[in-house]
Structure formats: structure tokens, C-alpha cells
file start-v5.pdb (PDB, C-alpha atoms)
ATOM      1  CA  GLN A   1     -80.208   3.799 -27.557
ATOM      2  CA  ILE A   2     -76.484   3.140 -27.911
ATOM      3  CA  PHE A   3     -76.738   3.094 -31.697
ATOM      4  CA  GLN A   4     -78.535   6.459 -31.706
ATOM      5  CA  LYS A   5     -75.705   8.016 -29.677
ATOM      6  CA  GLU A   6     -73.120   6.562 -32.068
ATOM      7  CA  ILE A   7     -75.017   7.826 -35.117
ATOM      8  CA  ARG A   8     -75.312  11.301 -33.566
ATOM      9  CA  LEU A   9     -71.559  11.360 -32.861
ATOM     10  CA  PHE A  10     -70.868  10.155 -36.403
ATOM     11  CA  PHE A  11     -72.977  12.941 -37.900
ATOM     12  CA  ILE A  12     -71.241  15.529 -35.686
ATOM     13  CA  HIS A  13     -67.885  14.255 -37.002
ATOM     14  CA  VAL A  14     -69.162  14.444 -40.586
ATOM     15  CA  ARG A  15     -70.351  18.020 -40.046
ATOM     16  CA  ASP A  16     -66.978  19.027 -38.578
ATOM     17  CA  LEU A  17     -65.187  17.381 -41.494
ATOM     18  CA  LEU A  18     -67.374  19.189 -44.025
ATOM     19  CA  SER A  19     -66.799  22.559 -42.359
ATOM     20  CA  ALA A  20     -63.047  21.869 -42.373
ATOM     21  CA  ILE A  21     -63.192  21.032 -46.095
ATOM     22  CA  ASN A  22     -65.171  24.235 -46.670
ATOM     23  CA  SER A  23     -62.640  26.429 -44.870
ATOM     24  CA  LEU A  24     -59.738  24.673 -46.602
ATOM     25  CA  SER A  25     -61.236  25.197 -50.058
ATOM     26  CA  LYS A  26     -61.942  28.857 -49.206
ATOM     27  CA  SER A  27     -58.318  29.397 -48.155
ATOM     28  CA  MET A  28     -57.171  27.670 -51.356
ATOM     29  CA  LEU A  29     -59.404  30.001 -53.364
ATOM     30  CA  ASP A  30     -57.965  33.021 -51.541
ATOM     31  CA  LYS A  31     -54.464  31.826 -52.437
ATOM     32  CA  TYR A  32     -55.293  31.709 -56.141
ATOM     33  CA  ASN A  33     -57.493  34.815 -56.166
ATOM     34  CA  ASP A  34     -54.892  37.084 -57.773
ATOM     35  CA  HIS A  35     -54.048  34.607 -60.551
ATOM     36  CA  SER A  36     -55.810  34.083 -63.844
ATOM     37  CA  THR A  37     -56.293  30.401 -62.955
ATOM     38  CA  ARG A  38     -58.957  31.329 -60.385
ATOM     39  CA  ASN A  39     -61.877  29.908 -62.402
ATOM     40  CA  ILE A  40     -60.137  26.579 -63.001
ATOM     41  CA  TYR A  41     -59.306  26.187 -59.318
ATOM     42  CA  SER A  42     -62.773  27.211 -58.120
ATOM     43  CA  THR A  43     -64.468  24.658 -60.377
ATOM     44  CA  ARG A  44     -61.985  21.977 -59.322
ATOM     45  CA  ILE A  45     -62.552  22.723 -55.637
ATOM     46  CA  LYS A  46     -66.320  22.691 -56.134
ATOM     47  CA  LEU A  47     -66.042  19.303 -57.838
ATOM     48  CA  ILE A  48     -63.818  17.896 -55.068
ATOM     49  CA  ARG A  49     -66.168  19.262 -52.413
ATOM     50  CA  PHE A  50     -69.176  17.681 -54.172
ATOM     51  CA  ILE A  51     -67.431  14.297 -54.470
ATOM     52  CA  LEU A  52     -66.393  14.360 -50.801
ATOM     53  CA  TYR A  53     -69.841  15.437 -49.660
ATOM     54  CA  PHE A  54     -71.513  12.729 -51.752
ATOM     55  CA  SER A  55     -69.150   9.983 -50.519
ATOM     56  CA  ILE A  56     -69.624  11.041 -46.865
ATOM     57  CA  HIS A  57     -73.403  11.112 -47.336
ATOM     58  CA  PHE A  58     -73.315   7.668 -48.954
ATOM     59  CA  LEU A  59     -71.179   6.320 -46.073
ATOM     60  CA  SER A  60     -73.545   7.733 -43.448
ATOM     61  CA  VAL A  61     -76.533   6.152 -45.213
ATOM     62  CA  ALA A  62     -74.655   2.832 -45.368
ATOM     63  CA  VAL A  63     -73.884   3.076 -41.631
ATOM     64  CA  LEU A  64     -77.545   3.840 -40.866
ATOM     65  CA  ILE A  65     -78.678   0.839 -42.912
ATOM     66  CA  GLY A  66     -76.027  -1.337 -41.258
ATOM     67  CA  THR A  67     -77.147  -0.434 -37.730
ATOM     68  CA  LEU A  68     -80.829  -1.173 -38.460
TER      69      LEU A  68
END
call {"tool": "encode", "arguments": {"input": "start-v5.pdb", "output": "C-alpha cells"}}
result
Amino acid sequence: QIFQKEIRLFFIHVRDLLSAINSLSKSMLDKYNDHSTRNIYSTRIKLIRFILYFSIHFLSVAVLIGTL
């Protein structure tokens, strides 16, 4: 029961973190919208977002396995 609450809290934190990363990358894209380097930055941000998302997902799976 306690572990389930902790896991739920952890996933809420992960979701908040992901939404923060999303908004940050969007604001970064808006900053570079009027430049010709827009494509480079958008691909870089997408890559960073994917790496962060994958690492967070991997960590959450590791935590789930660790609690079982």
C-alpha cells in the first residue's frame, strides 16, 4: 500500500517534469523561430526530449522492479 502511494507520487513528479521540459523546449523554439537555425534547434530539442523521456522511463521501470 505504501509502495503504491510512493510510485503514484513518483509518476506524478515525472509527468510534471516532462511537461516542464515540453514547455521549456517550446519557449526555446519560439526564441529561435525567426532565425535560419530553427531546424537545427528543433531537431536538437527533439533529441534531448527523447533522451530525457527515455531515461526517466527507464528509471521509473527500475524503481518499479526495485520495489517488487
call {"tool": "closest_residue", "arguments": {"input": "start-v5.pdb", "among": "A:Phe11, A:Ser27, A:Leu17, A:Ile45", "to": "A:Ser60", "atoms": "only C-alpha atoms"}}
result
A:Phe11
call {"tool": "atom_distance", "arguments": {"input": "start-v5.pdb", "atom1": "atom CA of A:Lys46", "atom2": "atom CA of A:Gly66"}}
result
29.9 Å
call {"tool": "resolve_selection", "arguments": {"input": "start-v5.pdb", "expression": "the PyMOL selection byres ((chain A and resi 62-64) around 12)", "output": "list in words"}}
result
Phe3, Gln4, Glu6, Ile7, Arg8, Phe10, Phe11, Ser55, Ile56, His57, Phe58, Leu59, Ser60, Val61, Ile65, Gly66, Thr67 and Leu68 of chain A
call {"tool": "atom_distance", "arguments": {"input": "start-v5.pdb", "atom1": "atom CA of A:Ala20", "atom2": "atom CA of A:Arg49"}}
result
10.8 Å
call {"tool": "residues_near_point", "arguments": {"input": "start-v5.pdb", "point": "(-66.0, 24.7, -47.5)", "cutoff": "12 Å", "atoms": "only C-alpha atoms", "output": "list of chain:residue names"}}
result
A:Arg15, A:Asp16, A:Leu17, A:Leu18, A:Ser19, A:Ala20, A:Ile21, A:Asn22, A:Ser23, A:Leu24, A:Ser25, A:Lys26, A:Ser27, A:Met28, A:Leu29, A:Ser42, A:Ile45, A:Lys46, A:Leu47, A:Ile48, A:Arg49, A:Phe50, A:Leu52, A:Tyr53
call {"tool": "write_last_selection", "arguments": {"input": "start-v5.pdb", "atoms": "C-alpha atoms", "output": "mmCIF file, in the coordinates of the input"}}
result
data_model
loop_
_atom_site.group_PDB
_atom_site.id
_atom_site.type_symbol
_atom_site.label_atom_id
_atom_site.label_comp_id
_atom_site.auth_asym_id
_atom_site.auth_seq_id
_atom_site.Cartn_x
_atom_site.Cartn_y
_atom_site.Cartn_z
ATOM 1 C CA ARG A 15 -70.351 18.020 -40.046
ATOM 2 C CA ASP A 16 -66.978 19.027 -38.578
ATOM 3 C CA LEU A 17 -65.187 17.381 -41.494
ATOM 4 C CA LEU A 18 -67.374 19.189 -44.025
ATOM 5 C CA SER A 19 -66.799 22.559 -42.359
ATOM 6 C CA ALA A 20 -63.047 21.869 -42.373
ATOM 7 C CA ILE A 21 -63.192 21.032 -46.095
ATOM 8 C CA ASN A 22 -65.171 24.235 -46.670
ATOM 9 C CA SER A 23 -62.640 26.429 -44.870
ATOM 10 C CA LEU A 24 -59.738 24.673 -46.602
ATOM 11 C CA SER A 25 -61.236 25.197 -50.058
ATOM 12 C CA LYS A 26 -61.942 28.857 -49.206
ATOM 13 C CA SER A 27 -58.318 29.397 -48.155
ATOM 14 C CA MET A 28 -57.171 27.670 -51.356
ATOM 15 C CA LEU A 29 -59.404 30.001 -53.364
ATOM 16 C CA SER A 42 -62.773 27.211 -58.120
ATOM 17 C CA ILE A 45 -62.552 22.723 -55.637
ATOM 18 C CA LYS A 46 -66.320 22.691 -56.134
ATOM 19 C CA LEU A 47 -66.042 19.303 -57.838
ATOM 20 C CA ILE A 48 -63.818 17.896 -55.068
ATOM 21 C CA ARG A 49 -66.168 19.262 -52.413
ATOM 22 C CA PHE A 50 -69.176 17.681 -54.172
ATOM 23 C CA LEU A 52 -66.393 14.360 -50.801
ATOM 24 C CA TYR A 53 -69.841 15.437 -49.660
#
